[in-house]
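Participant: I'm passing along input_5.txt; it holds compact mmCIF, C-alpha atoms.
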# COMPACT_ATOMS: atom_id res chain seq x y z
CA MET D 1247 -92.12 4.50 84.29
CA TYR D 1248 -89.27 5.29 81.93
CA ASP D 1249 -88.44 8.64 80.38
CA TYR D 1250 -86.95 8.50 76.88
CA ARG D 1251 -85.56 12.00 77.25
CA THR D 1252 -83.92 12.33 73.86
CA GLY D 1253 -87.30 11.54 72.34
CA ILE D 1254 -88.53 10.95 68.84
CA LEU D 1255 -85.85 13.19 67.33
CA ASP D 1256 -83.19 10.78 68.59
CA TRP D 1257 -85.25 7.84 67.32
CA LYS D 1258 -85.57 9.28 63.83
CA THR D 1259 -81.93 10.34 63.73
CA ALA D 1260 -81.02 6.69 64.20
CA GLY D 1261 -83.11 5.86 61.15
CA LEU D 1262 -85.59 3.76 63.11
CA PRO D 1263 -89.11 3.34 61.76
CA VAL D 1264 -91.97 5.58 62.78
CA GLU D 1265 -95.69 5.51 62.20
CA GLY D 1266 -97.97 8.36 61.17
CA THR D 1267 -98.96 10.42 58.19
CA ASN D 1268 -95.36 11.46 57.51
CA ALA D 1269 -93.99 7.95 57.80
CA GLN D 1270 -94.09 7.35 54.05
CA VAL D 1271 -92.23 10.54 53.15
CA PRO D 1272 -88.86 9.49 51.67
CA ARG D 1273 -86.05 10.43 54.06
CA LEU D 1274 -82.32 10.54 53.72
CA VAL D 1275 -82.09 7.30 55.66
CA ASP D 1276 -83.79 5.66 52.67
CA VAL D 1277 -81.25 6.84 50.09
CA VAL D 1278 -77.98 7.47 51.93
CA ARG D 1279 -75.01 5.48 50.66
CA ARG D 1280 -73.43 3.85 53.64
CA ASP D 1281 -70.47 2.57 51.63
CA ALA D 1282 -69.01 6.05 51.13
CA PRO D 1283 -65.22 6.00 51.41
CA THR D 1284 -63.60 7.63 54.42
CA CYS D 1285 -60.10 8.83 55.19
CA SER D 1286 -58.20 10.49 58.00
CA LEU D 1287 -56.50 13.87 58.21
CA GLY D 1288 -52.96 12.64 57.79
CA GLU D 1289 -53.37 10.52 54.66
CA ARG D 1290 -51.77 11.42 51.35
CA LEU D 1291 -54.33 12.90 48.95
CA GLY D 1292 -53.14 10.80 46.02
CA ASP D 1293 -53.67 7.61 47.99
CA VAL D 1294 -57.15 8.68 49.02
CA ARG D 1295 -58.10 9.63 45.47
CA ASP D 1296 -56.94 6.25 44.15
CA ARG D 1297 -58.81 4.39 46.85
CA ALA D 1298 -62.01 6.35 46.28
CA ALA D 1299 -61.80 5.92 42.51
CA ALA D 1300 -61.25 2.18 42.85
CA ALA D 1301 -64.49 2.04 44.85
CA GLY D 1302 -66.34 4.05 42.20
CA TRP D 1303 -66.42 7.32 44.12
CA ASP D 1304 -65.35 10.86 43.34
CA ALA D 1305 -65.71 11.95 46.96
CA CYS D 1306 -64.35 10.94 50.33
CA VAL D 1307 -65.43 11.88 53.84
CA VAL D 1308 -62.71 12.88 56.30
CA VAL D 1309 -63.45 11.42 59.72
CA SER D 1310 -61.87 11.26 63.15
CA GLY D 1311 -61.02 8.02 64.91
CA GLY D 1312 -64.51 8.15 66.39
CA HIS D 1313 -66.02 8.44 62.90
CA VAL D 1314 -67.02 12.07 63.43
CA VAL D 1315 -67.10 14.06 60.19
CA LEU D 1316 -64.25 16.58 60.00
CA GLY D 1317 -64.31 17.49 56.35
CA LEU D 1318 -65.14 16.46 52.84
CA LEU D 1319 -63.15 15.85 49.70
CA ARG D 1320 -65.39 16.36 46.70
CA GLY D 1321 -64.24 15.96 43.11
CA ALA D 1322 -62.35 19.26 42.93
CA GLU D 1323 -60.45 18.67 46.16
CA LEU D 1324 -59.56 15.11 45.17
CA GLN D 1325 -57.96 16.45 42.00
CA GLY D 1326 -55.49 18.56 43.99
CA ASP D 1327 -51.76 17.92 44.41
CA PRO D 1328 -51.47 14.23 45.26
CA GLU D 1329 -48.62 14.96 47.65
CA LEU D 1330 -50.80 17.10 49.93
CA VAL D 1331 -52.14 15.54 53.08
CA VAL D 1332 -55.89 15.41 53.46
CA ASP D 1333 -55.88 18.09 56.15
CA GLN D 1334 -54.46 20.60 53.63
CA ALA D 1335 -56.83 19.68 50.83
CA MET D 1336 -60.19 19.05 52.43
CA ARG D 1337 -63.20 21.30 52.69
CA PRO D 1338 -63.49 21.57 56.49
CA GLY D 1339 -66.76 21.46 58.40
CA PRO D 1340 -69.19 20.67 55.59
CA SER D 1341 -72.90 21.08 56.20
CA THR D 1342 -74.31 17.78 57.37
CA TYR D 1343 -77.86 16.48 57.45
CA ARG D 1344 -79.72 14.13 59.76
CA PRO D 1345 -81.15 10.85 58.44
CA PHE D 1346 -84.77 11.92 59.04
CA VAL D 1347 -84.54 14.96 56.76
CA PRO D 1348 -86.95 14.56 53.80
CA VAL D 1349 -85.24 13.77 50.51
CA ALA D 1350 -87.10 16.68 48.87
CA GLU D 1351 -85.59 19.12 51.37
CA LEU D 1352 -82.01 18.08 50.62
CA ARG D 1353 -82.79 18.05 46.89
CA GLY D 1354 -83.59 21.75 47.12
CA ILE D 1355 -80.44 22.52 49.10
CA MET D 1356 -78.16 20.56 46.79
CA ASN D 1357 -79.73 22.15 43.76
CA ASP D 1358 -79.47 25.70 45.13
CA ARG D 1359 -75.86 25.27 46.26
CA ASN D 1360 -74.67 23.09 43.38
CA LEU D 1361 -73.50 20.40 45.77
CA GLU D 1362 -72.15 17.14 44.36
CA SER D 1363 -72.63 15.23 47.59
CA SER D 1364 -73.72 15.81 51.17
CA PRO D 1365 -72.76 13.93 54.33
CA VAL D 1366 -75.46 12.47 56.54
CA THR D 1367 -74.61 12.19 60.22
CA THR D 1368 -76.12 11.35 63.55
CA SER D 1369 -76.86 14.25 65.90
CA ASP D 1370 -73.43 13.78 67.49
CA GLY D 1371 -71.69 14.17 64.16
CA LYS D 1372 -70.90 10.54 63.35
CA LEU D 1373 -70.99 9.64 59.69
CA VAL D 1374 -73.95 7.65 58.41
CA GLY D 1375 -73.04 7.99 54.75
CA LEU D 1376 -73.09 10.27 51.72
CA VAL D 1377 -75.95 11.35 49.50
CA ARG D 1378 -75.12 12.10 45.87
CA ARG D 1379 -77.11 14.29 43.53
CA GLN D 1380 -78.64 11.37 41.69
CA ASP D 1381 -79.83 9.91 45.02
CA VAL D 1382 -82.16 12.89 45.42
CA GLY D 1383 -83.24 13.00 41.78
CA LEU D 1384 -80.82 15.67 40.52
CA GLY D 1385 -78.63 15.52 37.42
CA THR D 1386 -74.90 16.07 37.40
CA ILE D 1387 -73.52 19.58 37.71
CA ASP D 1388 -72.52 21.18 34.41
CA GLN D 1389 -68.83 22.05 34.56
CA MET I 190 -90.51 7.01 90.16
CA THR I 191 -89.26 7.82 86.64
CA ARG I 192 -86.00 6.46 85.23
CA GLU I 193 -84.24 7.91 82.26
CA ILE I 194 -83.74 5.49 79.39
CA ASP I 195 -81.86 5.60 76.09
CA ARG I 196 -82.85 4.40 72.63
CA ASP I 197 -81.52 0.88 73.07
CA GLY I 198 -83.37 0.63 76.35
CA VAL I 199 -86.59 1.68 74.65
CA ARG I 200 -86.13 -1.00 72.01
CA ARG I 201 -85.52 -3.65 74.66
CA LEU I 202 -88.62 -2.60 76.56
CA MET I 203 -90.66 -2.55 73.36
CA ALA I 204 -89.65 -6.14 72.72
CA ARG I 205 -90.93 -6.98 76.20
CA GLY I 206 -94.32 -5.38 75.53
CA ALA I 207 -93.83 -1.98 77.09
CA GLN I 208 -96.44 0.70 76.52
CA ILE I 209 -95.02 3.66 74.62
CA VAL I 210 -96.59 7.02 75.37
CA ASP I 211 -96.14 10.07 73.13
CA VAL I 212 -96.89 13.22 75.12
CA LEU I 213 -96.73 15.56 72.15
CA PRO I 214 -99.82 17.42 70.86
CA ALA I 215 -102.19 15.27 68.81
CA ARG I 216 -101.26 16.92 65.53
CA GLU I 217 -97.57 16.10 65.96
CA TYR I 218 -98.40 12.58 67.06
CA ALA I 219 -100.48 12.10 63.92
CA GLU I 220 -97.51 13.05 61.74
CA ASP I 221 -94.84 10.91 63.42
CA HIS I 222 -94.70 8.62 66.41
CA LEU I 223 -92.82 5.59 67.63
CA PRO I 224 -94.30 2.28 66.50
CA GLY I 225 -97.27 1.33 68.63
CA ALA I 226 -97.19 4.53 70.68
CA VAL I 227 -100.38 5.92 72.16
CA ASN I 228 -100.93 9.64 72.42
CA LEU I 229 -101.45 11.19 75.83
CA PRO I 230 -100.67 14.88 75.51
CA LEU I 231 -99.17 16.34 78.67
CA ARG I 232 -102.30 18.30 79.53
CA LYS I 233 -104.34 15.08 79.51
CA ILE I 234 -101.89 12.59 80.90
CA GLU I 235 -102.89 12.77 84.56
CA ALA I 236 -106.57 12.48 83.79
CA GLU I 237 -106.29 9.65 81.28
CA ALA I 238 -103.22 7.58 82.20
CA LEU I 239 -105.09 5.28 84.56
CA ARG I 240 -107.83 4.66 82.01
CA VAL I 241 -105.53 4.08 79.02
CA LEU I 242 -102.47 2.36 80.46
CA ASP I 243 -102.02 -1.10 81.90
CA PRO I 244 -100.30 -0.69 85.27
CA SER I 245 -98.82 -4.19 85.05
CA ARG I 246 -96.64 -3.34 82.02
CA PRO I 247 -93.68 -0.96 81.75
CA VAL I 248 -94.43 2.53 80.44
CA VAL I 249 -92.04 4.63 78.36
CA VAL I 250 -92.88 8.29 77.82
CA TYR I 251 -91.24 10.55 75.27
CA CYS I 252 -91.59 13.94 73.62
CA ALA I 253 -89.67 15.57 70.78
CA ASP I 254 -86.24 16.06 72.32
CA PRO I 255 -84.73 17.11 75.68
CA GLY I 256 -85.24 20.84 74.93
Just give me the structure as structure tokens.

Facilitator:
Amino acid sequence: MYDYRTGILDWKTAGLPVEGTNAQVPRLVDVVRRDAPTCSLGERLGDVRDRAAAAGWDACVVVSGGHVVLGLLRGAELQGDPELVVDQAMRPGPSTYRPFVPVAELRGIMNDRNLESSPVTTSDGKLVGLVRRQDVGLGTIDQ
Amino acid sequence: MTREIDRDGVRRLMARGAQIVDVLPAREYAEDHLPGAVNLPLRKIEAEALRVLDPSRPVVVYCADPG
């Protein structure tokens, strides 16, 4: 007999399929953008902004060498002094969400907090991707 | 004897026809469970395991998380 100690929470965090009455509820794993740009703490902000823009993004996730989320550069941070390094410009320790969280739940959070984007991570903090407002059915934030 | 197993191990055993047992209460099992899992809540497992499970195939048990 084998004991899968980390259980169904670990299974769902990995975005693996489940069965049951909740199985059809849209989850972040269904909408997360896995092509979100990433950068490291020591990069020049101007370089990161250019790279993100070239990929069609106005956000960038700051990650460690192990791909653990350290911070987030949303639109406002990316527009800072291009000579800053990422560590000086980023929003540290952003709230992150697990892939099994229902889309409707994050929609409410992003709406209440006026968030442009939210990182999705595994339970050990590794980046899965970013969810943007339109991914959860929200419009853009009025400036 | 019970051996601890990780997610990849579960997937490998599933591919080999293992029996997956969810020991959570029936209501939680109904909402979400691993593909193909049967529900044997902890309070019933001793009484029903021999009737429900095939002793010739591996068995993987799980609950919600390690907590």

Participant: Kindly provide, as a ChimeraX atom specification, the residues of chain I having any atom no farther than 10 Å from an atom of chain D, counting only C-alpha atoms.

Facilitator: /I:190-199,202,207-211,213,217-226,244,246-256

Participant: One number please: CA of Leu1318 (chain D) to CA of Pro1340 (chain D), in Å, one decimal.

Facilitator: 6.5 Å

Participant: What's the separation between CA of Gly1375 (chain D) and CA of Asp1281 (chain D), in Å to one decimal place?

Facilitator: 6.8 Å

Participant: Tell me, as a VMD selection string, which residues lie within 9 Å of Leu1352 (chain D), counting only C-alpha atoms; anything in the same chain fewer than 6 positions away does not count.

Facilitator: chain D and resid 1274 1343 1364 1382

Participant: With all atoms listed in the file as the basis for distance, which of D:Leu1384, D:Leu1376, D:Leu1316, D:Leu1324 is at the shortest distance from Ile1355 (chain D)?

Facilitator: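 Closest candidate: D:Leu1384.
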
Participant: Using Å and a single decimal, report how far CA of Pro1345 (chain D) sits from CA of Val1275 (chain D).

Facilitator: 4.6 Å

Participant: Measuring atom to atom with only C-alpha atoms, identify which of D:Gln1325, D:Asn1360, D:Thr1342, D:Ser1286 is nearest to Gly1311 (chain D).

Facilitator: D:Ser1286

Participant: Using only C-alpha atoms, which of D:Pro1338, D:Gly1326, D:Gly1385, D:Gly1312 sits nearest Arg1295 (chain D)?

Facilitator: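 Residue with the minimum atom-to-atom distance to Arg1295 (chain D): D:Gly1326.
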
Participant: Is it possible to produce a file of region 1252-1389 of chain D from this structure, with C-alpha atoms, as a PDB file, in the first residue's frame?

Facilitator:
ATOM      1  CA  THR D1252       0.487  15.399   0.058  1.00  0.00           C
ATOM      2  CA  GLY D1253      -2.922  14.340  -1.205  1.00  0.00           C
ATOM      3  CA  ILE D1254      -5.417  15.847  -3.573  1.00  0.00           C
ATOM      4  CA  LEU D1255      -4.323  19.396  -2.753  1.00  0.00           C
ATOM      5  CA  ASP D1256      -0.901  18.632  -4.223  1.00  0.00           C
ATOM      6  CA  TRP D1257      -2.551  16.965  -7.221  1.00  0.00           C
ATOM      7  CA  LYS D1258      -4.746  19.963  -7.966  1.00  0.00           C
ATOM      8  CA  THR D1259      -1.908  22.412  -7.395  1.00  0.00           C
ATOM      9  CA  ALA D1260      -0.052  20.678 -10.200  1.00  0.00           C
ATOM     10  CA  GLY D1261      -3.040  21.309 -12.455  1.00  0.00           C
ATOM     11  CA  LEU D1262      -3.789  17.622 -12.925  1.00  0.00           C
ATOM     12  CA  PRO D1263      -7.329  16.558 -13.783  1.00  0.00           C
ATOM     13  CA  VAL D1264      -9.851  15.557 -11.164  1.00  0.00           C
ATOM     14  CA  GLU D1265     -13.300  14.039 -11.292  1.00  0.00           C
ATOM     15  CA  GLY D1266     -16.399  15.065  -9.354  1.00  0.00           C
ATOM     16  CA  THR D1267     -19.086  17.688  -9.257  1.00  0.00           C
ATOM     17  CA  ASN D1268     -16.540  20.513  -9.029  1.00  0.00           C
ATOM     18  CA  ALA D1269     -14.406  19.207 -11.865  1.00  0.00           C
ATOM     19  CA  GLN D1270     -16.044  21.449 -14.443  1.00  0.00           C
ATOM     20  CA  VAL D1271     -15.606  24.653 -12.446  1.00  0.00           C
ATOM     21  CA  PRO D1272     -13.126  26.848 -14.376  1.00  0.00           C
ATOM     22  CA  ARG D1273      -9.852  27.085 -12.452  1.00  0.00           C
ATOM     23  CA  LEU D1274      -6.821  29.271 -12.809  1.00  0.00           C
ATOM     24  CA  VAL D1275      -4.979  26.375 -14.407  1.00  0.00           C
ATOM     25  CA  ASP D1276      -7.414  26.745 -17.325  1.00  0.00           C
ATOM     26  CA  VAL D1277      -6.678  30.432 -17.966  1.00  0.00           C
ATOM     27  CA  VAL D1278      -3.179  31.130 -16.641  1.00  0.00           C
ATOM     28  CA  ARG D1279      -0.726  32.492 -19.196  1.00  0.00           C
ATOM     29  CA  ARG D1280       2.367  30.384 -18.980  1.00  0.00           C
ATOM     30  CA  ASP D1281       4.305  32.615 -21.372  1.00  0.00           C
ATOM     31  CA  ALA D1282       4.512  35.487 -18.881  1.00  0.00           C
ATOM     32  CA  PRO D1283       7.910  37.191 -19.021  1.00  0.00           C
ATOM     33  CA  THR D1284      10.281  36.751 -16.101  1.00  0.00           C
ATOM     34  CA  CYS D1285      13.354  38.599 -14.919  1.00  0.00           C
ATOM     35  CA  SER D1286      15.873  38.462 -12.107  1.00  0.00           C
ATOM     36  CA  LEU D1287      16.630  40.914  -9.314  1.00  0.00           C
ATOM     37  CA  GLY D1288      19.775  42.361 -10.810  1.00  0.00           C
ATOM     38  CA  GLU D1289      18.512  43.235 -14.284  1.00  0.00           C
ATOM     39  CA  ARG D1290      18.173  46.807 -15.498  1.00  0.00           C
ATOM     40  CA  LEU D1291      14.541  47.933 -15.447  1.00  0.00           C
ATOM     41  CA  GLY D1292      14.725  49.493 -18.908  1.00  0.00           C
ATOM     42  CA  ASP D1293      15.919  46.217 -20.400  1.00  0.00           C
ATOM     43  CA  VAL D1294      13.137  44.300 -18.699  1.00  0.00           C
ATOM     44  CA  ARG D1295      10.494  46.764 -19.842  1.00  0.00           C
ATOM     45  CA  ASP D1296      11.688  46.539 -23.450  1.00  0.00           C
ATOM     46  CA  ARG D1297      11.739  42.763 -23.348  1.00  0.00           C
ATOM     47  CA  ALA D1298       8.263  42.542 -21.821  1.00  0.00           C
ATOM     48  CA  ALA D1299       6.844  45.048 -24.309  1.00  0.00           C
ATOM     49  CA  ALA D1300       8.348  43.167 -27.237  1.00  0.00           C
ATOM     50  CA  ALA D1301       6.504  40.077 -26.022  1.00  0.00           C
ATOM     51  CA  GLY D1302       3.244  42.006 -25.714  1.00  0.00           C
ATOM     52  CA  TRP D1303       3.263  42.312 -21.934  1.00  0.00           C
ATOM     53  CA  ASP D1304       2.998  45.211 -19.518  1.00  0.00           C
ATOM     54  CA  ALA D1305       4.071  43.078 -16.568  1.00  0.00           C
ATOM     55  CA  CYS D1306       7.002  40.903 -15.607  1.00  0.00           C
ATOM     56  CA  VAL D1307       7.441  38.403 -12.790  1.00  0.00           C
ATOM     57  CA  VAL D1308      10.654  38.589 -10.772  1.00  0.00           C
ATOM     58  CA  VAL D1309      11.915  35.092 -10.018  1.00  0.00           C
ATOM     59  CA  SER D1310      14.863  33.430  -8.337  1.00  0.00           C
ATOM     60  CA  GLY D1311      17.155  30.977 -10.075  1.00  0.00           C
ATOM     61  CA  GLY D1312      14.797  28.250  -8.905  1.00  0.00           C
ATOM     62  CA  HIS D1313      11.846  30.061 -10.520  1.00  0.00           C
ATOM     63  CA  VAL D1314      10.367  31.044  -7.149  1.00  0.00           C
ATOM     64  CA  VAL D1315       8.365  34.271  -7.318  1.00  0.00           C
ATOM     65  CA  LEU D1316      10.137  37.144  -5.539  1.00  0.00           C
ATOM     66  CA  GLY D1317       8.219  40.109  -6.827  1.00  0.00           C
ATOM     67  CA  LEU D1318       6.158  41.592  -9.585  1.00  0.00           C
ATOM     68  CA  LEU D1319       6.595  44.475 -11.988  1.00  0.00           C
ATOM     69  CA  ARG D1320       3.187  45.677 -13.091  1.00  0.00           C
ATOM     70  CA  GLY D1321       2.646  48.545 -15.517  1.00  0.00           C
ATOM     71  CA  ALA D1322       3.413  51.320 -13.021  1.00  0.00           C
ATOM     72  CA  GLU D1323       6.656  49.736 -11.826  1.00  0.00           C
ATOM     73  CA  LEU D1324       7.810  49.050 -15.382  1.00  0.00           C
ATOM     74  CA  GLN D1325       7.428  52.743 -16.162  1.00  0.00           C
ATOM     75  CA  GLY D1326       9.958  53.692 -13.472  1.00  0.00           C
ATOM     76  CA  ASP D1327      13.509  54.957 -14.019  1.00  0.00           C
ATOM     77  CA  PRO D1328      15.011  52.620 -16.619  1.00  0.00           C
ATOM     78  CA  GLU D1329      18.371  52.776 -14.864  1.00  0.00           C
ATOM     79  CA  LEU D1330      17.022  51.195 -11.674  1.00  0.00           C
ATOM     80  CA  VAL D1331      17.668  47.532 -11.112  1.00  0.00           C
ATOM     81  CA  VAL D1332      14.642  45.301 -10.738  1.00  0.00           C
ATOM     82  CA  ASP D1333      15.241  44.818  -7.021  1.00  0.00           C
ATOM     83  CA  GLN D1334      14.729  48.571  -6.468  1.00  0.00           C
ATOM     84  CA  ALA D1335      11.638  48.846  -8.624  1.00  0.00           C
ATOM     85  CA  MET D1336       9.620  45.714  -8.021  1.00  0.00           C
ATOM     86  CA  ARG D1337       6.620  45.162  -5.817  1.00  0.00           C
ATOM     87  CA  PRO D1338       8.025  42.514  -3.439  1.00  0.00           C
ATOM     88  CA  GLY D1339       6.110  39.483  -2.235  1.00  0.00           C
ATOM     89  CA  PRO D1340       2.927  39.803  -4.293  1.00  0.00           C
ATOM     90  CA  SER D1341      -0.082  37.711  -3.367  1.00  0.00           C
ATOM     91  CA  THR D1342       0.012  34.499  -5.335  1.00  0.00           C
ATOM     92  CA  TYR D1343      -2.696  31.977  -6.116  1.00  0.00           C
ATOM     93  CA  ARG D1344      -2.698  28.228  -6.638  1.00  0.00           C
ATOM     94  CA  PRO D1345      -3.751  26.741  -9.984  1.00  0.00           C
ATOM     95  CA  PHE D1346      -6.847  25.045  -8.521  1.00  0.00           C
ATOM     96  CA  VAL D1347      -8.401  28.303  -7.305  1.00  0.00           C
ATOM     97  CA  PRO D1348     -11.714  28.925  -9.127  1.00  0.00           C
ATOM     98  CA  VAL D1349     -11.555  31.677 -11.737  1.00  0.00           C
ATOM     99  CA  ALA D1350     -14.574  33.364 -10.130  1.00  0.00           C
ATOM    100  CA  GLU D1351     -12.722  33.646  -6.818  1.00  0.00           C
ATOM    101  CA  LEU D1352      -9.739  35.444  -8.340  1.00  0.00           C
ATOM    102  CA  ARG D1353     -12.082  37.617 -10.400  1.00  0.00           C
ATOM    103  CA  GLY D1354     -13.543  38.956  -7.159  1.00  0.00           C
ATOM    104  CA  ILE D1355     -10.116  39.564  -5.638  1.00  0.00           C
ATOM    105  CA  MET D1356      -8.741  41.320  -8.703  1.00  0.00           C
ATOM    106  CA  ASN D1357     -11.840  43.440  -8.977  1.00  0.00           C
ATOM    107  CA  ASP D1358     -11.834  44.440  -5.298  1.00  0.00           C
ATOM    108  CA  ARG D1359      -8.118  45.262  -5.265  1.00  0.00           C
ATOM    109  CA  ASN D1360      -7.874  46.743  -8.766  1.00  0.00           C
ATOM    110  CA  LEU D1361      -5.153  44.293  -9.726  1.00  0.00           C
ATOM    111  CA  GLU D1362      -3.867  44.283 -13.302  1.00  0.00           C
ATOM    112  CA  SER D1363      -2.365  40.819 -13.032  1.00  0.00           C
ATOM    113  CA  SER D1364      -1.822  38.083 -10.473  1.00  0.00           C
ATOM    114  CA  PRO D1365       0.878  35.417 -10.325  1.00  0.00           C
ATOM    115  CA  VAL D1366      -0.104  31.766 -10.106  1.00  0.00           C
ATOM    116  CA  THR D1367       2.361  29.501  -8.335  1.00  0.00           C
ATOM    117  CA  THR D1368       2.768  25.996  -7.053  1.00  0.00           C
ATOM    118  CA  SER D1369       2.508  25.476  -3.301  1.00  0.00           C
ATOM    119  CA  ASP D1370       6.293  25.861  -3.029  1.00  0.00           C
ATOM    120  CA  GLY D1371       6.191  29.254  -4.694  1.00  0.00           C
ATOM    121  CA  LYS D1372       7.355  28.354  -8.192  1.00  0.00           C
ATOM    122  CA  LEU D1373       5.834  30.389 -10.979  1.00  0.00           C
ATOM    123  CA  VAL D1374       3.179  28.756 -13.136  1.00  0.00           C
ATOM    124  CA  GLY D1375       2.226  31.941 -14.972  1.00  0.00           C
ATOM    125  CA  LEU D1376       0.278  35.182 -14.787  1.00  0.00           C
ATOM    126  CA  VAL D1377      -3.447  35.828 -14.944  1.00  0.00           C
ATOM    127  CA  ARG D1378      -4.548  39.148 -16.411  1.00  0.00           C
ATOM    128  CA  ARG D1379      -7.838  40.889 -15.777  1.00  0.00           C
ATOM    129  CA  GLN D1380      -9.295  39.896 -19.116  1.00  0.00           C
ATOM    130  CA  ASP D1381      -8.471  36.239 -18.375  1.00  0.00           C
ATOM    131  CA  VAL D1382     -10.994  36.312 -15.528  1.00  0.00           C
ATOM    132  CA  GLY D1383     -13.595  38.351 -17.401  1.00  0.00           C
ATOM    133  CA  LEU D1384     -12.713  41.815 -16.074  1.00  0.00           C
ATOM    134  CA  GLY D1385     -12.195  44.999 -18.079  1.00  0.00           C
ATOM    135  CA  THR D1386      -9.134  47.178 -17.892  1.00  0.00           C
ATOM    136  CA  ILE D1387      -8.630  49.457 -14.921  1.00  0.00           C
ATOM    137  CA  ASP D1388      -9.643  53.074 -15.513  1.00  0.00           C
ATOM    138  CA  GLN D1389      -6.602  55.281 -14.956  1.00  0.00           C
TER     139      GLN D1389
END
